[in-house]
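Colleague: Provided herewith: protein-v1.pdb, PDB, C-alpha atoms and all ligand atoms.
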```
ATOM      1  CA  MET A   1       0.000   0.000   0.000
ATOM      2  CA  ALA A   2       1.683   3.184  -1.165
ATOM      3  CA  LEU A   3       1.944   6.149   1.153
ATOM      4  CA  GLU A   4       0.019   9.276   0.142
ATOM      5  CA  VAL A   5       0.149  12.940   1.097
ATOM      6  CA  PRO A   6      -3.062  13.623   3.033
ATOM      7  CA  PRO A   7      -5.062  16.616   1.757
ATOM      8  CA  LEU A   8      -4.553  19.802   3.741
ATOM      9  CA  PRO A   9      -7.537  20.019   6.152
ATOM     10  CA  TYR A  10      -8.032  23.762   5.416
ATOM     11  CA  ALA A  11      -7.316  26.241   2.604
ATOM     12  CA  TYR A  12      -3.692  27.066   1.739
ATOM     13  CA  ASN A  13      -4.226  30.666   2.849
ATOM     14  CA  ALA A  14      -6.132  29.729   6.013
ATOM     15  CA  LEU A  15      -3.157  30.134   8.349
ATOM     16  CA  GLU A  16      -2.409  33.670   7.163
ATOM     17  CA  PRO A  17      -0.968  35.958   8.418
ATOM     18  CA  TYR A  18       1.102  33.564  10.566
ATOM     19  CA  ILE A  19       1.987  31.103   7.810
ATOM     20  CA  ASP A  20       1.736  32.398   4.247
ATOM     21  CA  GLU A  21      -0.085  30.741   1.375
ATOM     22  CA  GLN A  22       2.980  30.230  -0.819
ATOM     23  CA  THR A  23       4.864  28.506   1.979
ATOM     24  CA  MET A  24       1.907  26.177   2.544
ATOM     25  CA  HIS A  25       1.759  25.287  -1.166
ATOM     26  CA  LEU A  26       5.465  24.526  -1.407
ATOM     27  CA  HIS A  27       5.618  22.802   1.953
ATOM     28  CA  HIS A  28       2.592  20.557   1.489
ATOM     29  CA  ASP A  29       2.545  20.008  -2.290
ATOM     30  CA  LYS A  30       6.281  19.822  -2.973
ATOM     31  CA  HIS A  31       8.244  18.991   0.195
ATOM     32  CA  HIS A  32       5.766  16.523   1.689
ATOM     33  CA  GLN A  33       5.142  14.971  -1.737
ATOM     34  CA  ALA A  34       8.887  14.422  -2.163
ATOM     35  CA  TYR A  35       9.110  12.602   1.193
ATOM     36  CA  VAL A  36       6.219  10.367   0.154
ATOM     37  CA  ASP A  37       7.689   9.640  -3.296
ATOM     38  CA  ASN A  38      11.117   8.825  -1.857
ATOM     39  CA  ALA A  39       9.645   6.664   0.934
ATOM     40  CA  ASN A  40       7.529   4.738  -1.583
ATOM     41  CA  ALA A  41      10.566   4.125  -3.790
ATOM     42  CA  ALA A  42      12.468   2.702  -0.799
ATOM     43  CA  ILE A  43       9.525   0.575   0.405
ATOM     44  CA  ALA A  44       9.106  -0.847  -3.122
ATOM     45  CA  LYS A  45      12.504  -2.557  -2.794
ATOM     46  CA  HIS A  46      11.477  -4.794   0.132
ATOM     47  CA  ALA A  47       8.256  -6.840   0.238
ATOM     48  CA  GLU A  48       8.305  -7.076   4.058
ATOM     49  CA  LEU A  49       8.142  -3.291   4.368
ATOM     50  CA  GLN A  50       5.032  -3.129   2.206
ATOM     51  CA  GLN A  51       2.959  -4.767   4.961
ATOM     52  CA  LYS A  52       3.898  -2.112   7.523
ATOM     53  CA  THR A  53       2.584   1.346   8.314
ATOM     54  CA  ALA A  54       5.028   4.239   8.057
ATOM     55  CA  GLU A  55       4.796   4.577  11.857
ATOM     56  CA  ASP A  56       5.761   0.921  12.347
ATOM     57  CA  ILE A  57       8.710   1.339   9.978
ATOM     58  CA  LEU A  58       9.948   4.250  12.111
ATOM     59  CA  LYS A  59       9.468   2.367  15.402
ATOM     60  CA  GLY A  60      11.619  -0.440  13.996
ATOM     61  CA  ILE A  61      14.020   1.723  11.991
ATOM     62  CA  ASN A  62      17.084  -0.202  13.220
ATOM     63  CA  ARG A  63      15.652  -3.420  11.779
ATOM     64  CA  VAL A  64      14.952  -1.897   8.354
ATOM     65  CA  PRO A  65      17.223  -3.300   5.604
ATOM     66  CA  GLU A  66      20.391  -1.253   5.529
ATOM     67  CA  ASP A  67      20.164  -0.275   1.855
ATOM     68  CA  VAL A  68      16.988   1.731   2.507
ATOM     69  CA  ARG A  69      17.370   2.570   6.200
ATOM     70  CA  SER A  70      18.565   6.148   5.861
ATOM     71  CA  ALA A  71      16.143   6.805   2.995
ATOM     72  CA  LEU A  72      13.274   5.729   5.259
ATOM     73  CA  ARG A  73      14.636   7.496   8.316
ATOM     74  CA  ASN A  74      14.476  10.732   6.314
ATOM     75  CA  ASN A  75      11.446  10.165   4.127
ATOM     76  CA  ALA A  76       9.062   7.973   6.144
ATOM     77  CA  GLY A  77      10.063  10.304   8.985
ATOM     78  CA  GLY A  78       9.222  13.323   6.838
ATOM     79  CA  HIS A  79       5.872  11.796   5.872
ATOM     80  CA  VAL A  80       4.789  10.956   9.432
ATOM     81  CA  ASN A  81       6.030  14.255  10.873
ATOM     82  CA  HIS A  82       4.236  16.356   8.264
ATOM     83  CA  SER A  83       1.017  14.305   8.389
ATOM     84  CA  MET A  84       0.854  15.254  12.078
ATOM     85  CA  PHE A  85       1.930  18.848  11.441
ATOM     86  CA  TRP A  86      -0.940  19.786   9.082
ATOM     87  CA  LYS A  87      -3.499  18.450  11.559
ATOM     88  CA  ILE A  88      -2.176  20.101  14.700
ATOM     89  CA  MET A  89      -2.675  23.501  13.074
ATOM     90  CA  LYS A  90      -5.941  25.223  12.156
ATOM     91  CA  PRO A  91      -7.249  28.665  11.248
ATOM     92  CA  GLN A  92      -8.468  30.606  14.316
ATOM     93  CA  GLY A  93      -6.387  28.257  16.419
ATOM     94  CA  GLY A  94      -4.163  29.083  19.333
ATOM     95  CA  GLY A  95      -5.357  30.529  22.601
ATOM     96  CA  ASN A  96      -4.862  28.850  25.925
ATOM     97  CA  PRO A  97      -4.655  25.058  25.970
ATOM     98  CA  SER A  98      -7.747  23.265  27.216
ATOM     99  CA  GLY A  99      -8.627  19.723  28.206
ATOM    100  CA  LYS A 100      -6.008  17.180  29.276
ATOM    101  CA  ILE A 101      -3.135  18.918  27.484
ATOM    102  CA  ALA A 102      -3.724  21.910  29.776
ATOM    103  CA  ASP A 103      -3.025  19.634  32.772
ATOM    104  CA  VAL A 104       0.163  18.298  31.177
ATOM    105  CA  ILE A 105       1.345  21.841  30.422
ATOM    106  CA  LYS A 106       0.501  22.967  33.948
ATOM    107  CA  ASP A 107       2.634  20.120  35.336
ATOM    108  CA  LEU A 108       5.502  21.262  33.094
ATOM    109  CA  GLY A 109       5.468  24.720  34.694
ATOM    110  CA  GLY A 110       2.556  26.511  33.033
ATOM    111  CA  PHE A 111       1.804  27.731  29.502
ATOM    112  CA  ASP A 112       4.255  30.649  29.389
ATOM    113  CA  ALA A 113       7.153  28.511  30.560
ATOM    114  CA  PHE A 114       6.065  25.723  28.217
ATOM    115  CA  LYS A 115       6.040  27.991  25.161
ATOM    116  CA  GLU A 116       9.399  29.442  26.105
ATOM    117  CA  LYS A 117      10.987  26.024  26.517
ATOM    118  CA  PHE A 118       9.412  24.643  23.329
ATOM    119  CA  ASN A 119      10.477  27.690  21.289
ATOM    120  CA  ASP A 120      13.945  27.469  22.798
ATOM    121  CA  ALA A 121      14.213  23.826  21.698
ATOM    122  CA  GLY A 122      13.335  24.994  18.178
ATOM    123  CA  VAL A 123      15.713  27.952  18.140
ATOM    124  CA  LYS A 124      18.634  25.890  19.436
ATOM    125  CA  ARG A 125      18.190  23.029  16.976
ATOM    126  CA  PHE A 126      21.178  23.635  14.704
ATOM    127  CA  GLY A 127      20.317  23.266  11.034
ATOM    128  CA  SER A 128      17.061  21.480  10.267
ATOM    129  CA  GLY A 129      14.752  19.586  12.563
ATOM    130  CA  TRP A 130      11.751  19.652  14.850
ATOM    131  CA  ALA A 131      10.780  20.823  18.336
ATOM    132  CA  TRP A 132       8.540  18.369  20.194
ATOM    133  CA  LEU A 133       6.468  17.603  23.206
ATOM    134  CA  ILE A 134       6.845  13.858  23.621
ATOM    135  CA  VAL A 135       5.769  11.237  26.107
ATOM    136  CA  LYS A 136       8.090   8.366  26.870
ATOM    137  CA  GLY A 137       7.480   5.827  29.615
ATOM    138  CA  GLY A 138       4.727   8.028  31.039
ATOM    139  CA  LYS A 139       7.007  11.063  31.251
ATOM    140  CA  TYR A 140       6.339  14.258  29.269
ATOM    141  CA  GLU A 141       9.315  16.122  27.881
ATOM    142  CA  ILE A 142      10.221  18.907  25.449
ATOM    143  CA  ILE A 143      12.958  17.836  23.052
ATOM    144  CA  SER A 144      14.194  18.515  19.526
ATOM    145  CA  THR A 145      15.301  16.145  16.797
ATOM    146  CA  ALA A 146      17.553  16.615  13.781
ATOM    147  CA  ASN A 147      16.400  16.398  10.170
ATOM    148  CA  GLN A 148      13.216  14.308   9.890
ATOM    149  CA  ASP A 149      13.992  12.051  12.854
ATOM    150  CA  SER A 150      10.771  11.060  14.612
ATOM    151  CA  PRO A 151      10.425  10.530  18.363
ATOM    152  CA  LEU A 152       8.887   7.163  17.374
ATOM    153  CA  MET A 153      12.426   5.989  16.485
ATOM    154  CA  ASP A 154      13.386   6.428  20.125
ATOM    155  CA  GLY A 155      10.401   4.670  21.703
ATOM    156  CA  ALA A 156       8.669   7.986  22.415
ATOM    157  CA  TYR A 157       5.317   9.296  21.175
ATOM    158  CA  PRO A 158       5.083  12.777  19.621
ATOM    159  CA  ILE A 159       2.182  14.710  21.167
ATOM    160  CA  MET A 160       2.927  17.876  19.163
ATOM    161  CA  GLY A 161       5.794  19.185  17.073
ATOM    162  CA  ASN A 162       6.832  22.255  15.133
ATOM    163  CA  ASP A 163       8.867  22.121  11.947
ATOM    164  CA  VAL A 164      11.966  24.326  12.160
ATOM    165  CA  TRP A 165      13.343  23.554   8.703
ATOM    166  CA  GLU A 166      13.897  26.788   6.790
ATOM    167  CA  HIS A 167      11.323  25.641   4.206
ATOM    168  CA  ALA A 168       8.658  26.034   6.934
ATOM    169  CA  TYR A 169       9.228  29.749   7.446
ATOM    170  CA  TYR A 170      11.908  31.321   5.265
ATOM    171  CA  LEU A 171       9.707  33.039   2.656
ATOM    172  CA  LYS A 172       7.906  35.057   5.321
ATOM    173  CA  TYR A 173      10.329  35.191   8.240
ATOM    174  CA  GLN A 174      13.684  34.812   6.435
ATOM    175  CA  ASN A 175      16.335  34.119   9.100
ATOM    176  CA  ARG A 176      14.012  35.008  12.008
ATOM    177  CA  ARG A 177      13.213  31.490  13.222
ATOM    178  CA  ALA A 178      12.380  32.730  16.731
ATOM    179  CA  GLU A 179       9.700  35.036  15.315
ATOM    180  CA  TYR A 180       8.118  32.152  13.383
ATOM    181  CA  LEU A 181       8.149  29.973  16.485
ATOM    182  CA  LYS A 182       6.348  32.686  18.475
ATOM    183  CA  ALA A 183       3.753  33.294  15.740
ATOM    184  CA  TRP A 184       3.052  29.555  15.382
ATOM    185  CA  TRP A 185       1.140  29.424  18.675
ATOM    186  CA  ASN A 186      -1.639  31.405  16.922
ATOM    187  CA  VAL A 187      -2.461  28.440  14.685
ATOM    188  CA  VAL A 188      -2.116  25.576  17.162
ATOM    189  CA  ASN A 189      -5.052  23.137  17.146
ATOM    190  CA  TRP A 190      -5.464  22.078  20.786
ATOM    191  CA  ASP A 191      -8.365  19.723  19.968
ATOM    192  CA  GLU A 192      -6.142  17.649  17.699
ATOM    193  CA  ILE A 193      -3.310  17.735  20.252
ATOM    194  CA  ASN A 194      -5.736  16.465  22.903
ATOM    195  CA  LYS A 195      -6.689  13.680  20.503
ATOM    196  CA  ARG A 196      -3.025  12.694  20.103
ATOM    197  CA  LEU A 197      -2.561  12.818  23.862
ATOM    198  CA  ALA A 198      -5.491  10.426  24.291
ATOM    199  CA  GLU A 199      -4.030   8.085  21.646
ATOM    200  CA  ALA A 200      -0.519   8.089  23.127
ATOM    201  CA  PRO A 201       0.636   4.792  24.589
ATOM    202  CA  ARG A 202       0.901   4.952  28.381
TER     203      ARG A 202
HETATM  204 MN   MN3 A 301       8.723  20.596   6.612
END
```
Using the file provided, produce a representation of the structure as structure tokens.
Modeller:
Amino acid sequence: MALEVPPLPYAYNALEPYIDEQTMHLHHDKHHQAYVDNANAAIAKHAELQQKTAEDILKGINRVPEDVRSALRNNAGGHVNHSMFWKIMKPQGGGNPSGKIADVIKDLGGFDAFKEKFNDAGVKRFGSGWAWLIVKGGKYEIISTANQDSPLMDGAYPIMGNDVWEHAYYLKYQNRRAEYLKAWWNVVNWDEINKRLAEAPR
């Protein structure tokens, strides 16, 4: 079963003025599509991989045949990360967290401290990568990963993540990654994040 780019759950301009329409087109239609195409090409080389979900491939990345392991690390990783990313954003999003995620954030020191720590993880990630809230062994933690590495590769579950690759923000924010990270909270979809929290293994 070939992987596919899921349709964007809102219009390309719906996250304006925080994320611009052109960035959304390039990011979703070109970057995500390339991850999917490259992952499918790698999966096509090994019948045993064709029975697995992209998530299961990432969880077992060290058991993936070596000739396609780094291709899938990058591209199945890119597919899974971006499939989450589109859904945890929405127009008229943001505001204070509600539901169970609000309790988790409170335990991590409150929303202001949480945003600061999450943004800091994104700013300090050298080069390309992601800032995350993960849960691992029942413990919640803010981390960052390089490239398209998924927390799933490390036995963790990604509750929410922000893409800090330049392709996510450069057209609008140029080199001002910190400004993008701050603006991003205006499009966060807490309902979807609560859904992921409920689905996380405990
Ligand atoms: Mn991206």
Colleague: Hey, what's within 10 Å of stretch 152-158 of chain A if we count only C-alpha atoms and toss same-chain stuff fewer than 5 positions away? As an MDAnalysis selection string, please?
Modeller: chainID A and resid 55:62 73 77 80:81 84 131:143 193 196:197 199:202
Colleague: Counting only C-alpha atoms and all ligand atoms, what are the residues, protein, DNA or RNA alike, that approach ligand MN3 301 (chain A) to within 7 Å? I want them as a PyMOL selection string.
Modeller: chain A and resi 27+31+82+163+165+167-168
Colleague: Which polymer residues have any atom within 10 Å of an atom of stretch 183-189 of chain A, counting all atoms listed in the file, with same-chain residues fewer than 4 positions away left out, as a list in words?
Modeller: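 Counting only the stated atoms, we get Ala14, Leu15, Glu16, Pro17, Tyr18, Ile19, Phe85, Trp86, Lys87, Ile88, Met89, Lys90, Pro91, Gln92, Gly93, Gly94, Gly95, Asn96, Pro97, Lys115, Asn119, Met160, Asn162, Arg177, Ala178, Glu179, Ile193 and Asn194 of chain A.
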Colleague: Which is closer to A:Tyr180 than all the others in A:Asp37, A:Glu192, A:Glu66, A:Glu166, using all atoms listed in the file?
Modeller: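 Selected residue with least distance to A:Tyr180: A:Glu166.
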Colleague: Name the residues that the PyMOL selection byres (((chain A and resi 8) around 10) and not hetatm) picks from the file above, as a PyMOL selection string, using the file's chain letters and numbers.
Modeller: chain A and resi 5-7+9-12+24-25+28-29+83+86-87
Colleague: Grab the atom CA of A:Arg69 to atom CA of A:Leu49 distance for me, in Å with one decimal place.
Modeller: 11.1 Å
Colleague: Counting all atoms listed in the file, which of A:Met1, A:Ile159, A:Ala76, A:Ile105 gets nearest to A:Ala198?
Modeller: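 Result for the nearest residue to A:Ala198: A:Ile159.
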Colleague: Would you please work out which residue, of A:Thr23, A:Phe118, A:Val68, A:Ala54, is nearest to A:Ala42 when using all atoms listed in the file?
Modeller: A:Val68
Colleague: Pick the closest to A:His32 from A:Asn13, A:Asn75, A:Gln51, A:Asn147: which is it, counting all atoms listed in the file?
Modeller: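 Comparing A:Asn13, A:Asn75, A:Gln51, A:Asn147 against A:His32, the winner is A:Asn75.
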Colleague: Which residues match the PyMOL selection byres (((chain A and resi 40) around 12) and not hetatm) in the file above, as a ChimeraX atom specification?
Modeller: /A:1-5,33-39,41-47,49-50,52-54,68,71-72,75-76,79
Colleague: Out of A:Arg125, A:Arg176, A:Lys30, A:Lys100, which residue has the shortest atom-to-atom distance to A:Asp191 when counting only C-alpha atoms?
Modeller: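 Going through A:Arg125, A:Arg176, A:Lys30, A:Lys100 one by one, the smallest distance to A:Asp191 is for A:Lys100.
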Colleague: Could you tell me how far atom CA of A:Gly109 lies from atom CA of A:Gly127, in Å and to one decimal?
Modeller: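 So the answer is 28.0 Å.
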Colleague: For A:Trp130, list every protein, DNA or RNA residue within 7 Å, evaluated using only C-alpha atoms, and leave out those in the same chain fewer than 4 positions away; present the list as a list in words.
Modeller: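 Surrounding residues, per the criterion: Gly122, Ser144, Thr145, Ala146, Gly161, Asn162, Asp163 and Val164 of chain A.
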Colleague: Nearest residue to A:Tyr169 out of A:Pro151, A:Ser128, A:Phe114, A:Lys195, using all atoms listed in the file?
Modeller: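 Going through A:Pro151, A:Ser128, A:Phe114, A:Lys195 one by one, the smallest distance to A:Tyr169 is for A:Ser128.
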Colleague: Would you mind writing stretch 20-31 of chain A with all heavy atoms, as a tab-separated table (two decimals), in the coordinates of the input?
Modeller:
```tsv
chain	number	residue	atom	x	y	z
A	20	ASP	N	2.22	31.86	5.52
A	20	ASP	CA	1.74	32.40	4.25
A	20	ASP	C	1.36	31.29	3.28
A	20	ASP	O	1.85	30.17	3.36
A	20	ASP	CB	2.79	33.33	3.64
A	20	ASP	CG	4.08	32.59	3.36
A	20	ASP	OD1	4.82	32.29	4.31
A	20	ASP	OD2	4.32	32.26	2.17
A	21	GLU	N	0.49	31.68	2.34
A	21	GLU	CA	-0.08	30.74	1.38
A	21	GLU	C	0.99	30.05	0.52
A	21	GLU	O	0.94	28.84	0.28
A	21	GLU	CB	-1.08	31.50	0.48
A	21	GLU	CG	-1.74	30.62	-0.56
A	21	GLU	CD	-2.82	31.35	-1.35
A	21	GLU	OE1	-2.99	32.59	-1.16
A	21	GLU	OE2	-3.48	30.69	-2.16
A	22	GLN	N	1.96	30.82	0.06
A	22	GLN	CA	2.98	30.23	-0.82
A	22	GLN	C	3.81	29.18	-0.08
A	22	GLN	O	4.12	28.12	-0.63
A	22	GLN	CB	3.88	31.34	-1.37
A	22	GLN	CG	4.74	30.84	-2.53
A	22	GLN	CD	5.79	31.86	-2.98
A	22	GLN	OE1	5.93	32.94	-2.40
A	22	GLN	NE2	6.52	31.51	-4.01
A	23	THR	N	4.13	29.48	1.17
A	23	THR	CA	4.86	28.51	1.98
A	23	THR	C	4.05	27.23	2.13
A	23	THR	O	4.59	26.12	2.00
A	23	THR	CB	5.19	29.10	3.37
A	23	THR	OG1	6.13	30.16	3.19
A	23	THR	CG2	5.79	28.05	4.31
A	24	MET	N	2.75	27.37	2.37
A	24	MET	CA	1.91	26.18	2.54
A	24	MET	C	1.85	25.35	1.26
A	24	MET	O	1.89	24.12	1.31
A	24	MET	CB	0.49	26.58	2.99
A	24	MET	CG	0.43	27.13	4.40
A	24	MET	SD	1.05	26.00	5.68
A	24	MET	CE	-0.27	24.80	5.72
A	25	HIS	N	1.76	26.02	0.11
A	25	HIS	CA	1.76	25.29	-1.17
A	25	HIS	C	3.06	24.51	-1.35
A	25	HIS	O	3.05	23.31	-1.66
A	25	HIS	CB	1.58	26.27	-2.34
A	25	HIS	CG	0.14	26.42	-2.74
A	25	HIS	ND1	-0.59	25.40	-3.30
A	25	HIS	CD2	-0.70	27.48	-2.66
A	25	HIS	CE1	-1.82	25.82	-3.56
A	25	HIS	NE2	-1.92	27.09	-3.17
A	26	LEU	N	4.17	25.19	-1.19
A	26	LEU	CA	5.46	24.53	-1.41
A	26	LEU	C	5.68	23.42	-0.39
A	26	LEU	O	6.14	22.32	-0.71
A	26	LEU	CB	6.60	25.55	-1.32
A	26	LEU	CG	6.64	26.57	-2.46
A	26	LEU	CD1	7.58	27.72	-2.10
A	26	LEU	CD2	7.08	25.90	-3.76
A	27	HIS	N	5.35	23.72	0.86
A	27	HIS	CA	5.62	22.80	1.95
A	27	HIS	C	4.78	21.53	1.82
A	27	HIS	O	5.30	20.41	1.91
A	27	HIS	CB	5.32	23.53	3.28
A	27	HIS	CG	5.97	22.94	4.48
A	27	HIS	ND1	5.87	23.50	5.72
A	27	HIS	CD2	6.74	21.84	4.63
A	27	HIS	CE1	6.55	22.77	6.59
A	27	HIS	NE2	7.09	21.75	5.95
A	28	HIS	N	3.50	21.70	1.59
A	28	HIS	CA	2.59	20.56	1.49
A	28	HIS	C	2.70	19.86	0.13
A	28	HIS	O	2.87	18.64	0.05
A	28	HIS	CB	1.15	21.03	1.73
A	28	HIS	CG	0.13	19.95	1.60
A	28	HIS	ND1	-0.49	19.65	0.40
A	28	HIS	CD2	-0.38	19.08	2.50
A	28	HIS	CE1	-1.32	18.64	0.59
A	28	HIS	NE2	-1.28	18.28	1.85
A	29	ASP	N	2.64	20.62	-0.96
A	29	ASP	CA	2.54	20.01	-2.29
A	29	ASP	C	3.89	19.52	-2.82
A	29	ASP	O	3.94	18.58	-3.61
A	29	ASP	CB	1.97	21.00	-3.31
A	29	ASP	CG	0.62	21.56	-2.91
A	29	ASP	OD1	0.04	21.09	-1.91
A	29	ASP	OD2	0.14	22.49	-3.59
A	30	LYS	N	4.97	20.18	-2.43
A	30	LYS	CA	6.28	19.82	-2.97
A	30	LYS	C	7.14	19.06	-1.96
A	30	LYS	O	7.61	17.96	-2.24
A	30	LYS	CB	7.04	21.07	-3.44
A	30	LYS	CG	6.28	21.93	-4.44
A	30	LYS	CD	6.06	21.24	-5.76
A	30	LYS	CE	5.36	22.17	-6.75
A	30	LYS	NZ	4.91	21.45	-7.95
A	31	HIS	N	7.37	19.65	-0.79
A	31	HIS	CA	8.24	18.99	0.20
A	31	HIS	C	7.63	17.68	0.70
A	31	HIS	O	8.28	16.64	0.67
A	31	HIS	CB	8.56	19.93	1.37
A	31	HIS	CG	9.46	21.06	1.00
A	31	HIS	ND1	10.83	20.94	0.95
A	31	HIS	CD2	9.20	22.34	0.64
A	31	HIS	CE1	11.37	22.09	0.59
A	31	HIS	NE2	10.39	22.96	0.38
```
